[in-house]
>>> print(open('data-v7.cif').read())   # mmCIF, C-alpha atoms
data_target
loop_
_atom_site.label_atom_id
_atom_site.label_comp_id
_atom_site.auth_asym_id
_atom_site.auth_seq_id
_atom_site.Cartn_x
_atom_site.Cartn_y
_atom_site.Cartn_z
CA MET A 177 -29.98 55.73 31.05
CA VAL A 178 -26.74 56.04 33.02
CA PHE A 179 -26.87 58.88 35.58
CA ASP A 180 -25.24 62.02 34.23
CA PRO A 181 -24.00 64.58 36.76
CA HIS A 182 -24.61 67.26 34.12
CA SER A 183 -28.36 66.60 33.99
CA ALA A 184 -30.77 69.50 34.39
CA GLN A 185 -32.92 69.73 37.50
CA ASP A 186 -35.90 68.29 35.64
CA GLY A 187 -33.91 65.14 34.92
CA ARG A 188 -33.33 65.91 31.24
CA PRO A 189 -29.71 65.06 30.35
CA THR A 190 -27.69 68.06 29.21
CA GLY A 191 -24.24 66.51 29.28
CA PRO A 192 -22.40 64.26 26.84
CA SER A 193 -25.57 62.85 25.27
CA ASP A 194 -26.83 66.29 24.22
CA ARG A 195 -23.40 67.31 23.05
CA GLN A 196 -23.08 64.09 21.06
CA GLN A 197 -26.46 64.57 19.39
CA SER A 198 -25.60 68.16 18.52
CA ALA A 199 -22.28 67.05 17.02
CA LEU A 200 -24.00 64.31 15.02
CA LEU A 201 -26.63 66.66 13.61
CA GLY A 202 -23.86 69.11 12.76
CA ALA A 203 -21.97 66.36 10.94
CA VAL A 204 -25.06 65.48 8.93
CA ALA A 205 -25.52 69.14 7.99
CA SER A 206 -21.87 69.31 6.92
CA LEU A 207 -22.31 66.24 4.75
CA GLU A 208 -25.46 67.69 3.19
CA ALA A 209 -23.53 70.85 2.34
CA ALA A 210 -20.64 68.82 0.93
CA VAL A 211 -22.98 66.79 -1.28
CA ALA A 212 -24.65 69.99 -2.50
CA GLY A 213 -21.19 71.31 -3.34
CA LEU A 214 -20.43 68.17 -5.35
CA THR A 215 -23.71 68.55 -7.24
CA GLU A 216 -22.84 72.12 -8.19
CA ASN A 217 -19.21 71.37 -8.96
CA PRO A 218 -18.57 67.65 -9.61
CA ASP A 219 -14.86 68.23 -10.23
CA GLY A 220 -14.28 70.00 -6.93
CA GLY A 221 -15.20 69.54 -3.31
CA GLY A 222 -14.09 65.92 -3.07
CA GLU A 223 -11.81 66.53 -0.10
CA ARG A 224 -14.57 68.38 1.76
CA PHE A 225 -16.96 65.51 1.11
CA ASP A 226 -14.47 62.86 2.25
CA THR A 227 -13.78 64.76 5.46
CA ALA A 228 -17.49 65.18 6.20
CA LEU A 229 -18.19 61.49 5.58
CA ARG A 230 -15.34 60.37 7.84
CA ARG A 231 -16.49 62.70 10.61
CA LEU A 232 -20.05 61.41 10.33
CA GLY A 233 -18.89 57.80 10.48
CA GLY A 234 -17.02 58.45 13.72
CA LEU A 235 -20.03 60.08 15.37
CA LEU A 236 -22.67 57.65 14.13
CA GLY A 237 -21.17 54.61 15.86
CA PRO A 238 -22.39 55.42 19.40
CA ALA A 239 -25.64 57.05 18.25
CA GLY A 240 -28.80 55.83 19.96
CA GLU A 241 -32.34 55.26 18.81
CA ALA A 242 -33.48 58.88 18.82
CA GLU A 243 -30.40 60.14 16.99
CA SER A 244 -30.60 57.36 14.42
CA ALA A 245 -34.28 58.05 13.81
CA ALA A 246 -33.51 61.72 13.24
CA VAL A 247 -30.63 61.32 10.79
CA GLY A 248 -31.45 58.11 8.91
CA PRO A 249 -33.90 59.60 6.37
CA ARG A 250 -31.65 62.64 5.88
CA LEU A 251 -28.71 60.41 4.99
CA ALA A 252 -30.86 58.27 2.70
CA ALA A 253 -31.89 61.39 0.79
CA LEU A 254 -28.22 62.06 -0.04
CA LEU A 255 -27.46 58.68 -1.55
CA LEU A 256 -28.21 59.28 -5.22
CA ASP A 257 -26.11 62.49 -5.27
CA THR A 258 -23.11 60.85 -3.60
CA PRO A 259 -20.16 59.49 -5.66
CA LEU A 260 -20.46 55.79 -6.44
CA PHE A 261 -17.80 54.28 -4.20
CA PRO A 262 -18.52 56.25 -0.99
CA ARG A 263 -22.25 55.93 -1.71
CA ALA A 264 -22.11 52.31 -0.56
CA HIS A 265 -20.51 53.31 2.75
CA LEU A 266 -23.21 55.94 3.26
CA ALA A 267 -25.83 53.25 2.54
CA MET A 268 -24.29 51.14 5.30
CA MET A 269 -24.76 54.07 7.67
CA VAL A 270 -28.40 54.32 6.63
CA GLY A 271 -28.85 50.60 7.27
CA ALA A 272 -27.30 51.00 10.72
CA CYS A 273 -29.74 53.84 11.48
CA VAL A 274 -32.67 51.63 10.46
CA GLU A 275 -31.45 48.82 12.70
CA ARG A 276 -31.48 51.32 15.58
CA GLY A 277 -34.93 52.72 14.95
CA ALA A 278 -34.98 54.98 11.88
CA ASP A 279 -38.10 54.73 9.69
CA PRO A 280 -37.29 51.92 7.21
CA VAL A 281 -39.80 53.07 4.59
CA ALA A 282 -38.45 56.62 4.62
CA CYS A 283 -34.94 55.24 4.08
CA ALA A 284 -35.75 52.50 1.58
CA ASP A 285 -35.95 54.14 -1.84
CA GLY A 286 -32.36 55.36 -2.00
CA VAL A 287 -30.90 52.15 -0.60
CA LEU A 288 -32.86 49.83 -2.90
CA ALA A 289 -32.13 52.03 -5.92
CA GLY A 290 -28.43 51.92 -5.08
CA PHE A 291 -28.50 48.17 -4.57
CA ARG A 292 -30.23 47.77 -7.93
CA GLU A 293 -27.55 49.92 -9.60
CA ALA A 294 -24.75 47.97 -7.92
CA LEU A 295 -26.25 44.65 -9.03
CA SER A 296 -26.63 45.88 -12.59
CA GLY A 297 -23.06 47.11 -12.56
CA ALA A 298 -21.72 43.84 -11.17
CA LEU A 299 -23.56 41.91 -13.89
CA LEU A 300 -22.05 44.17 -16.55
CA LEU A 301 -18.57 43.57 -15.15
CA ILE A 302 -19.11 39.80 -15.20
CA GLU A 303 -20.24 39.99 -18.83
CA ARG A 304 -17.42 42.25 -19.98
CA TRP A 305 -14.80 40.30 -18.01
CA ALA A 306 -15.67 37.14 -19.91
CA GLU A 307 -15.66 38.98 -23.24
CA THR A 308 -12.34 40.77 -22.82
CA GLY A 309 -10.19 37.91 -21.53
CA ALA A 310 -6.76 38.00 -19.93
CA ASP A 311 -5.06 39.58 -22.98
CA ALA A 312 -7.09 42.74 -22.51
CA ASP A 313 -6.21 42.70 -18.82
CA ARG A 314 -2.49 42.62 -19.58
CA SER A 315 -2.70 45.29 -22.26
CA ALA A 316 -4.67 47.53 -19.90
CA VAL A 317 -1.57 47.89 -17.70
CA GLY A 318 0.85 48.17 -20.59
CA GLY A 319 2.60 44.86 -20.28
CA GLY A 320 2.40 41.14 -19.97
CA GLY A 321 2.79 40.85 -16.22
CA ASP A 322 0.22 39.74 -13.74
CA VAL A 323 -2.22 42.49 -12.79
CA ARG A 324 -2.96 41.08 -9.37
CA ASP A 325 -1.34 42.61 -6.32
CA GLY A 326 -0.12 39.21 -5.22
CA GLY A 327 1.83 38.70 -8.45
CA ASP A 328 1.00 34.99 -8.63
CA GLU A 329 1.57 33.97 -12.25
CA GLU A 330 -0.35 30.75 -11.66
CA GLN A 331 -3.59 32.53 -10.85
CA ASP A 332 -6.38 32.30 -13.40
CA LYS A 333 -6.30 35.49 -15.45
CA ASP A 334 -9.93 34.95 -16.41
CA ALA A 335 -11.11 34.73 -12.78
CA LEU A 336 -13.24 37.66 -11.71
CA PRO A 337 -11.31 40.35 -9.81
CA ASP A 338 -10.97 40.15 -6.06
CA PRO A 339 -12.17 43.47 -4.56
CA ASP A 340 -10.09 42.82 -1.45
CA ARG A 341 -6.81 42.52 -3.36
CA GLU A 342 -7.02 44.12 -6.76
CA ASP A 343 -6.98 47.59 -8.23
CA PRO A 344 -10.38 48.79 -9.48
CA GLY A 345 -8.63 51.10 -11.94
CA ARG A 346 -7.08 48.16 -13.74
CA ALA A 347 -10.43 46.38 -13.87
CA ARG A 348 -12.05 49.50 -15.32
CA ALA A 349 -9.35 49.75 -17.98
CA ARG A 350 -9.82 46.11 -18.94
CA ILE A 351 -13.56 46.32 -19.57
CA THR A 352 -13.60 49.76 -21.24
CA GLU A 353 -14.07 49.53 -25.00
CA PRO A 354 -15.00 52.49 -27.22
CA GLY A 355 -18.34 51.92 -28.89
CA ARG A 356 -19.19 49.10 -26.48
CA THR A 357 -18.60 50.12 -22.85
CA ASP A 358 -17.59 53.74 -22.35
CA GLY A 359 -15.60 54.94 -19.37
CA TRP A 360 -18.65 55.96 -17.32
CA HIS A 361 -20.43 52.61 -17.71
CA ALA A 362 -17.18 50.79 -16.98
CA HIS A 363 -16.79 52.87 -13.84
CA ARG A 364 -20.34 51.99 -12.75
CA ALA A 365 -19.66 48.31 -13.41
CA VAL A 366 -16.48 48.30 -11.34
CA ALA A 367 -18.09 50.30 -8.54
CA GLY A 368 -20.98 47.84 -8.46
CA TRP A 369 -18.67 44.84 -8.22
CA TRP A 370 -16.39 46.42 -5.63
CA THR A 371 -19.19 47.68 -3.36
CA LEU A 372 -21.88 45.02 -3.79
CA GLN A 373 -21.19 43.44 -0.39
CA LEU A 374 -21.85 46.77 1.32
CA TRP A 375 -25.05 47.32 -0.64
CA GLN A 376 -26.16 43.78 0.18
CA GLN A 377 -25.83 44.46 3.90
CA ALA A 378 -27.63 47.79 3.70
CA ALA A 379 -30.49 46.36 1.60
CA PHE A 380 -30.80 43.39 3.95
CA ALA A 381 -31.28 45.71 6.93
CA LEU A 382 -34.11 47.50 5.10
CA CYS A 383 -35.81 44.38 3.72
CA THR A 384 -36.20 42.72 7.09
CA HIS A 385 -39.13 45.13 7.54
CA ALA A 386 -42.45 43.99 6.11
CA ALA A 387 -43.47 47.54 5.18
CA VAL A 388 -40.40 47.88 2.95
CA ARG A 389 -41.00 44.50 1.29
CA ARG A 390 -44.66 45.35 0.74
CA ALA A 391 -43.85 48.74 -0.84
CA ALA A 392 -41.17 47.16 -3.05
CA ARG A 393 -43.58 44.47 -4.17
CA ASP A 394 -46.36 46.95 -4.92
CA SER A 395 -44.06 49.24 -6.91
CA GLY A 396 -42.46 46.44 -8.93
CA VAL A 397 -39.03 47.12 -7.43
CA GLY A 398 -39.13 43.78 -5.64
CA ASP A 399 -39.59 41.86 -8.90
CA VAL A 400 -36.71 43.75 -10.53
CA LEU A 401 -34.38 43.03 -7.61
CA THR A 402 -35.41 39.38 -7.56
CA GLU A 403 -34.59 39.03 -11.26
CA LEU A 404 -31.22 40.74 -10.84
CA ILE A 405 -30.34 38.62 -7.78
CA ASP A 406 -31.24 35.42 -9.65
CA ARG A 407 -29.13 36.45 -12.65
CA TYR A 408 -26.20 37.29 -10.42
CA ARG A 409 -26.39 34.02 -8.47
CA GLU A 410 -26.39 32.08 -11.76
CA ARG A 411 -23.14 33.75 -12.77
CA SER A 412 -21.14 34.22 -9.58
CA ASP A 413 -20.94 33.18 -5.95
CA ARG A 414 -18.53 35.93 -4.96
CA HIS A 415 -21.21 37.74 -2.92
CA ASP A 416 -23.69 35.79 -0.81
CA LEU A 417 -27.11 37.09 -1.82
CA LYS A 418 -29.10 34.05 -0.70
CA GLY A 419 -30.48 35.78 2.39
CA LEU A 420 -31.68 38.73 0.34
CA ARG A 421 -33.23 36.40 -2.20
CA TYR A 422 -35.24 34.72 0.55
CA LEU A 423 -36.21 38.12 1.92
CA ALA A 424 -37.37 39.28 -1.50
CA ALA A 425 -39.57 36.18 -1.72
CA ALA A 426 -41.02 36.49 1.80
CA LEU A 427 -44.80 36.38 1.81
CA ASP A 428 -46.54 38.92 4.02
CA ASP A 429 -50.27 38.90 4.70
CA GLU A 430 -50.64 36.22 2.00
CA PRO A 431 -53.56 33.75 1.93
CA LEU A 432 -52.77 30.05 1.58
CA LEU A 433 -55.34 27.40 0.69
CA VAL A 434 -54.36 23.99 2.08
CA LEU A 435 -56.06 20.74 1.03
CA HIS A 436 -55.53 17.53 3.00
CA ARG A 437 -56.08 14.74 0.53
CA ALA A 438 -56.51 11.81 2.93
CA SER A 439 -59.24 13.43 5.03
CA GLY A 440 -60.84 15.42 2.22
CA THR A 441 -60.63 18.61 4.27
CA GLY A 442 -59.49 22.09 3.34
CA TYR A 443 -58.26 25.15 5.22
CA LEU A 444 -57.73 28.80 4.43
CA LEU A 445 -54.71 30.16 6.27
CA ARG A 446 -52.71 33.38 6.16
CA MET A 447 -48.93 33.63 6.01
CA ASP A 448 -46.86 36.48 7.43
CA GLY A 449 -43.11 36.83 7.09
CA LEU A 450 -42.51 33.23 5.98
CA THR A 451 -39.21 32.90 4.14
CA ASP A 452 -38.58 29.16 3.81
CA ASN A 453 -40.57 25.95 3.49
CA PHE A 454 -39.00 24.24 6.51
CA GLN A 455 -40.55 27.05 8.53
CA LEU A 456 -43.86 26.72 6.69
CA HIS A 457 -43.94 22.93 7.16
CA THR A 458 -43.38 23.28 10.90
CA LEU A 459 -46.16 25.84 11.27
CA LEU A 460 -48.56 23.78 9.15
CA ILE A 461 -48.14 20.92 11.62
CA GLU A 462 -48.60 23.26 14.58
CA VAL A 463 -51.76 24.91 13.21
CA LEU A 464 -53.46 21.86 11.70
CA VAL A 465 -52.26 19.02 13.92
CA GLY A 466 -51.72 21.07 17.06
CA GLY A 467 -55.09 22.72 16.47
CA GLY A 468 -56.85 19.37 16.41
CA HIS A 469 -57.88 19.47 12.74
CA LEU A 470 -55.64 16.63 11.54
CA PRO A 471 -54.18 13.55 13.26
CA GLY A 472 -50.53 13.44 14.19
CA THR A 473 -47.97 14.61 16.71
CA ARG A 474 -47.82 18.26 17.70
CA PRO A 475 -44.36 19.85 17.37
CA ASP A 476 -42.23 20.71 20.37
CA PRO A 477 -43.16 24.25 21.54
CA GLU A 478 -39.49 25.25 21.23
CA VAL A 479 -39.51 24.17 17.59
CA VAL A 480 -42.62 26.26 16.94
CA ALA A 481 -41.20 29.29 18.74
CA LEU A 482 -38.04 29.14 16.62
CA SER A 483 -40.21 29.10 13.50
CA ARG A 484 -42.06 32.20 14.66
CA THR A 485 -40.07 34.70 16.68
CA ARG A 486 -37.43 33.10 18.91
CA TRP A 487 -33.76 33.43 18.05
CA LEU A 488 -31.33 30.52 18.16
CA ASP A 489 -29.41 30.47 21.44
CA GLY A 490 -26.91 27.71 20.86
CA ARG A 491 -29.27 24.86 21.63
CA ARG A 492 -30.27 22.55 18.79
CA PHE A 493 -33.88 21.49 18.26
CA ILE A 494 -34.99 19.08 15.57
CA ALA A 495 -38.26 19.48 13.68
CA THR A 496 -39.95 16.42 12.20
CA GLY A 497 -42.05 16.46 9.05
CA ALA A 498 -45.63 15.24 8.81
CA PHE A 499 -46.63 15.86 5.20
CA ASN A 500 -45.49 15.78 1.63
CA LEU A 501 -46.12 19.27 0.27
CA VAL A 502 -47.58 18.97 -3.23
CA ALA A 503 -48.68 21.50 -5.86
CA PRO A 504 -52.14 21.11 -7.44
CA ASP A 505 -50.45 19.87 -10.64
CA GLY A 506 -48.76 17.00 -8.72
CA GLY A 507 -45.29 18.54 -8.52
CA TRP A 508 -43.56 18.46 -5.15
CA ILE A 509 -42.98 21.62 -3.11
CA TRP A 510 -39.61 20.95 -1.54
CA ASN A 511 -38.78 21.90 2.03
CA GLU A 512 -35.56 23.40 0.70
CA GLY A 513 -37.55 25.94 -1.32
CA MET A 514 -39.59 29.03 -0.50
CA PRO A 515 -43.32 29.60 -0.04
CA GLU A 516 -43.32 31.57 -3.30
CA ASP A 517 -42.84 28.16 -5.01
CA ILE A 518 -46.47 27.34 -4.16
CA PRO A 519 -48.52 28.07 -7.29
CA VAL A 520 -51.43 30.48 -7.41
CA VAL A 521 -54.70 28.83 -8.45
CA ASP A 522 -57.86 30.92 -8.85
CA GLY A 523 -56.14 33.85 -7.14
CA VAL A 524 -54.78 32.05 -4.08
CA ARG A 525 -51.66 29.97 -3.42
CA THR A 526 -52.83 26.39 -3.14
CA LEU A 527 -51.06 23.48 -1.45
CA VAL A 528 -52.01 19.81 -1.15
CA LEU A 529 -50.87 17.76 1.83
CA ASP A 530 -50.10 14.08 1.22
CA PRO A 531 -48.51 11.46 3.48
CA GLN A 532 -44.72 11.59 3.66
CA PRO A 533 -43.05 9.11 1.30
CA TYR A 534 -40.12 8.97 3.74
CA GLU A 535 -39.24 10.46 7.12
CA ARG A 536 -37.96 14.01 7.15
CA SER A 537 -36.33 16.06 9.88
CA TRP A 538 -34.38 19.31 10.01
CA ALA A 539 -32.83 21.82 12.39
CA ALA A 540 -35.60 24.06 13.70
CA GLY A 541 -35.46 27.76 13.01
CA ARG A 542 -36.00 30.44 10.37
CA PHE A 543 -33.67 30.95 7.43
CA VAL A 544 -33.88 34.71 8.05
CA GLU A 545 -33.96 35.05 11.83
CA GLN A 546 -34.43 38.82 11.69
CA VAL A 547 -37.94 38.33 10.26
CA PRO A 548 -40.65 36.99 12.59
CA GLY A 549 -43.04 34.59 10.89
CA ASP A 550 -46.54 33.36 11.50
CA LEU A 551 -49.25 31.16 10.00
CA ARG A 552 -52.86 31.58 11.11
CA LEU A 553 -56.00 29.62 10.37
CA GLU A 554 -58.79 31.82 9.03
CA ARG A 555 -61.47 29.24 8.30
CA VAL A 556 -62.14 25.60 7.61
CA LEU A 557 -63.56 25.01 4.13
CA GLU A 558 -67.03 23.60 3.78
CA PRO A 559 -66.87 19.91 2.79
CA ALA A 560 -68.31 20.56 -0.68
CA GLU A 561 -65.75 23.31 -1.42
CA ALA A 562 -62.87 21.16 -0.21
CA ALA A 563 -64.09 18.20 -2.29
CA ALA A 564 -64.39 20.32 -5.43
CA ARG A 565 -60.88 21.73 -5.06
CA LEU A 566 -59.39 18.32 -4.30
CA ALA A 567 -61.11 16.86 -7.36
CA ALA A 568 -59.23 19.39 -9.51
CA ALA A 569 -55.85 18.50 -7.93
CA ALA A 570 -53.64 15.95 -9.67
CA PRO A 571 -52.08 13.05 -7.76
CA ALA A 572 -48.55 13.61 -6.50
CA LEU A 573 -45.84 12.67 -8.97
CA PRO A 574 -43.73 9.63 -8.10
CA PHE A 575 -40.43 10.52 -6.46
CA GLU A 576 -38.46 9.60 -9.56
CA GLN A 577 -40.39 12.12 -11.64
CA ALA A 578 -40.53 14.79 -8.96
CA VAL A 579 -36.76 15.04 -8.70
CA ARG A 580 -36.20 15.51 -12.43
#
>>> encode(input="data-v7.cif", output="structure tokens")
Amino acid sequence: MVFDPHSAQDGRPTGPSDRQQSALLGAVASLEAAVAGLTENPDGGGERFDTALRRLGGLLGPAGEAESAAVGPRLAALLLDTPLFPRAHLAMMVGACVERGADPVACADGVLAGFREALSGALLLIERWAETGADADRSAVGGGGDVRDGGDEEQDKDALPDPDREDPGRARARITEPGRTDGWHAHRAVAGWWTLQLWQQAAFALCTHAAVRRAARDSGVGDVLTELIDRYRERSDRHDLKGLRYLAAALDDEPLLVLHRASGTGYLLRMDGLTDNFQLHTLLIEVLVGGGHLPGTRPDPEVVALSRTRWLDGRRFIATGAFNLVAPDGGWIWNEGMPEDIPVVDGVRTLVLDPQPYERSWAAGRFVEQVPGDLRLERVLEPAEAAARLAAAAPALPFEQAVR
């Protein structure tokens, strides 16, 4: 801590830091009161709320770990009672608090619920946008001119709206249809589309924590979010949700049964925080080859460190493959996929290692650097158990069939 001439004799700072914390807690209390006022009177109090939110945003920027830990859960508790558009900005503040030390589990429910609502809204907008067409867009503004701020007549009227350039009110008018999509649902759809990037960032900050992913998985929220993310990514690439999709699929404290066909051996391992199969492949080589269980070349320690905890620092390290990852039914498990692609057999994800059909190499690292990963060997299977499991595994499909 920087020396503060206003410190008390016992060394406890009493100067700007204390004053800043007091101001921040006061701003949170003001926002809580403003949200309560909105709940009691939805048609009034908007200006008070906006002022309180702006004040909080200005004070939260320099907040430290202790302040963030104190206010993060309080802000998260306000999310569902906050109006839709500013709700996303409040969620970003919650995410910032978590990144600085606030309890991620205590903050997670409101953020993930809001992200789910935003995704659902964005999907509704995509659906209604395709159904209404450009004619509805023109009629919504009372004329035949272009509704985009840029006024480019050559732009595709059926293209989804650009939140950075276009008016959400016009989008809401276009997709509103009595008996089909009322004004409130249209508003939710537009708010979801316009704020999804903010929700994505807030949810990402929460989901880098294993405890949040575990709770979401146990409650079923993780499966719902995964389905919504997959549906969105099939329909639009406006918002980059790939990182969140990998996070949602991350396997924590998950057993993995590995069978090495050529040697007839088997291994029970445990995965933690693994988000991509390049990472898994590297750690399989480190644990099984580096551990002396299988023949081959041990990976560079830098490559292994990047697959576990180390962050990229501008240097480039290349990992080299050693196996062909194969499912028990003979299908290939591609390096470009995720560990969740490995099928569950008799209650445990099961992977067969075959020789590589061709050389593979890739840039070392983790797809989601914010999540540390690990793979640990728990036991070597008895020869009879390994033989029985290998006997039930189909041969690997030929390349031509595997890529279909």
>>> closest_residue(input="data-v7.cif", among="A:Ser412, A:Thr496, A:Thr441, A:Thr258", to="Ala563 of chain A", atoms="all atoms listed in the file")
A:Thr441
>>> atom_distance(input="data-v7.cif", atom1="atom CA of Asp429 of chain A", atom2="atom CA of Arg390 of chain A")
9.4 Å
>>> atom_distance(input="data-v7.cif", atom1="atom CA of Ser198 of chain A", atom2="atom CA of Pro249 of chain A")
17.0 Å
>>> residues_around(input="data-v7.cif", residues="Gln546 of chain A", least_positions_apart="3", cutoff="10 Å", atoms="all atoms listed in the file", output="PyMOL selection string")
chain A and resi 380-381+383-385+423+485-487+542-543+549
>>> resolve_selection(input="data-v7.cif", expression="the PyMOL selection byres ((chain A and resi 540) around 9)", output="mmCIF file with C-alpha atoms, keeping the file's coordinate frame")
data_model
loop_
_atom_site.group_PDB
_atom_site.id
_atom_site.type_symbol
_atom_site.label_atom_id
_atom_site.label_comp_id
_atom_site.auth_asym_id
_atom_site.auth_seq_id
_atom_site.Cartn_x
_atom_site.Cartn_y
_atom_site.Cartn_z
ATOM 1 C CA PHE A 454 -39.000 24.240 6.510
ATOM 2 C CA GLN A 455 -40.550 27.050 8.530
ATOM 3 C CA THR A 458 -43.380 23.280 10.900
ATOM 4 C CA GLU A 478 -39.490 25.250 21.230
ATOM 5 C CA VAL A 479 -39.510 24.170 17.590
ATOM 6 C CA VAL A 480 -42.620 26.260 16.940
ATOM 7 C CA LEU A 482 -38.040 29.140 16.620
ATOM 8 C CA SER A 483 -40.210 29.100 13.500
ATOM 9 C CA LEU A 488 -31.330 30.520 18.160
ATOM 10 C CA ARG A 492 -30.270 22.550 18.790
ATOM 11 C CA PHE A 493 -33.880 21.490 18.260
ATOM 12 C CA ILE A 494 -34.990 19.080 15.570
ATOM 13 C CA ALA A 495 -38.260 19.480 13.680
ATOM 14 C CA THR A 496 -39.950 16.420 12.200
ATOM 15 C CA SER A 537 -36.330 16.060 9.880
ATOM 16 C CA TRP A 538 -34.380 19.310 10.010
ATOM 17 C CA ALA A 539 -32.830 21.820 12.390
ATOM 18 C CA GLY A 541 -35.460 27.760 13.010
ATOM 19 C CA ARG A 542 -36.000 30.440 10.370
#
>>> resolve_selection(input="data-v7.cif", expression="the PyMOL selection byres ((chain A and resi 250) around 9)", output="PyMOL selection string")
chain A and resi 204+208+246-249+251-254+270+283
>>> atom_distance(input="data-v7.cif", atom1="atom CA of Thr371 of chain A", atom2="atom CA of Leu301 of chain A")
12.5 Å
>>> resolve_selection(input="data-v7.cif", expression="the PyMOL selection byres ((chain A and resi 394-407) around 8)", output="PyMOL selection string")
chain A and resi 292+295-296+299+389-393+408-411+417+421+424-425
>>> closest_residue(input="data-v7.cif", among="A:Pro344, A:Ala284, A:Met514, A:Leu255", to="Ala379 of chain A", atoms="all atoms listed in the file")
A:Ala284
>>> residues_around(input="data-v7.cif", residues="Gln373 of chain A", least_positions_apart="4", cutoff="10 Å", atoms="only C-alpha atoms", output="PDB file with C-alpha atoms, in the frame of the given file")
ATOM      1  CA  ALA A 264     -22.110  52.310  -0.560  1.00  0.00           C
ATOM      2  CA  PHE A 291     -28.500  48.170  -4.570  1.00  0.00           C
ATOM      3  CA  ALA A 294     -24.750  47.970  -7.920  1.00  0.00           C
ATOM      4  CA  PRO A 339     -12.170  43.470  -4.560  1.00  0.00           C
ATOM      5  CA  GLY A 368     -20.980  47.840  -8.460  1.00  0.00           C
ATOM      6  CA  TRP A 369     -18.670  44.840  -8.220  1.00  0.00           C
ATOM      7  CA  GLN A 377     -25.830  44.460   3.900  1.00  0.00           C
ATOM      8  CA  ALA A 378     -27.630  47.790   3.700  1.00  0.00           C
ATOM      9  CA  ALA A 379     -30.490  46.360   1.600  1.00  0.00           C
ATOM     10  CA  ARG A 414     -18.530  35.930  -4.960  1.00  0.00           C
ATOM     11  CA  HIS A 415     -21.210  37.740  -2.920  1.00  0.00           C
ATOM     12  CA  ASP A 416     -23.690  35.790  -0.810  1.00  0.00           C
ATOM     13  CA  LEU A 417     -27.110  37.090  -1.820  1.00  0.00           C
TER      14      LEU A 417
END
>>> residues_around(input="data-v7.cif", residues="Ala203 of chain A", least_positions_apart="2", cutoff="9 Å", atoms="only C-alpha atoms", output="VMD selection string")
chain A and resid 198 to 201 205 to 208 228 to 229 231 to 232 235
>>> build_atoms(input="data-v7.cif", residues="segment 389-400 of chain A", atoms="N, CA and C atoms", output="PDB file, keeping the file's coordinate frame")
ATOM      1  N   ARG A 389     -40.758  45.567   2.275  1.00  0.00           N
ATOM      2  CA  ARG A 389     -41.000  44.500   1.290  1.00  0.00           C
ATOM      3  C   ARG A 389     -42.328  44.723   0.573  1.00  0.00           C
ATOM      4  N   ARG A 390     -43.334  45.136   1.331  1.00  0.00           N
ATOM      5  CA  ARG A 390     -44.660  45.350   0.740  1.00  0.00           C
ATOM      6  C   ARG A 390     -44.604  46.502  -0.284  1.00  0.00           C
ATOM      7  N   ALA A 391     -43.954  47.606   0.077  1.00  0.00           N
ATOM      8  CA  ALA A 391     -43.850  48.740  -0.840  1.00  0.00           C
ATOM      9  C   ALA A 391     -43.046  48.364  -2.085  1.00  0.00           C
ATOM     10  N   ALA A 392     -41.968  47.595  -1.907  1.00  0.00           N
ATOM     11  CA  ALA A 392     -41.170  47.160  -3.050  1.00  0.00           C
ATOM     12  C   ALA A 392     -41.962  46.252  -3.962  1.00  0.00           C
ATOM     13  N   ARG A 393     -42.759  45.376  -3.365  1.00  0.00           N
ATOM     14  CA  ARG A 393     -43.580  44.470  -4.170  1.00  0.00           C
ATOM     15  C   ARG A 393     -44.654  45.245  -4.940  1.00  0.00           C
ATOM     16  N   ASP A 394     -45.295  46.193  -4.272  1.00  0.00           N
ATOM     17  CA  ASP A 394     -46.360  46.950  -4.920  1.00  0.00           C
ATOM     18  C   ASP A 394     -45.849  47.840  -6.044  1.00  0.00           C
ATOM     19  N   SER A 395     -44.627  48.344  -5.896  1.00  0.00           N
ATOM     20  CA  SER A 395     -44.060  49.240  -6.910  1.00  0.00           C
ATOM     21  C   SER A 395     -43.392  48.512  -8.065  1.00  0.00           C
ATOM     22  N   GLY A 396     -43.178  47.202  -7.908  1.00  0.00           N
ATOM     23  CA  GLY A 396     -42.460  46.440  -8.930  1.00  0.00           C
ATOM     24  C   GLY A 396     -40.968  46.363  -8.689  1.00  0.00           C
ATOM     25  N   VAL A 397     -40.462  47.151  -7.730  1.00  0.00           N
ATOM     26  CA  VAL A 397     -39.030  47.120  -7.430  1.00  0.00           C
ATOM     27  C   VAL A 397     -38.608  45.743  -6.941  1.00  0.00           C
ATOM     28  N   GLY A 398     -39.461  45.101  -6.162  1.00  0.00           N
ATOM     29  CA  GLY A 398     -39.130  43.780  -5.640  1.00  0.00           C
ATOM     30  C   GLY A 398     -38.898  42.768  -6.752  1.00  0.00           C
ATOM     31  N   ASP A 399     -39.745  42.788  -7.778  1.00  0.00           N
ATOM     32  CA  ASP A 399     -39.590  41.860  -8.900  1.00  0.00           C
ATOM     33  C   ASP A 399     -38.288  42.129  -9.653  1.00  0.00           C
ATOM     34  N   VAL A 400     -37.959  43.405  -9.827  1.00  0.00           N
ATOM     35  CA  VAL A 400     -36.710  43.750 -10.530  1.00  0.00           C
ATOM     36  C   VAL A 400     -35.508  43.246  -9.739  1.00  0.00           C
TER      37      VAL A 400
END
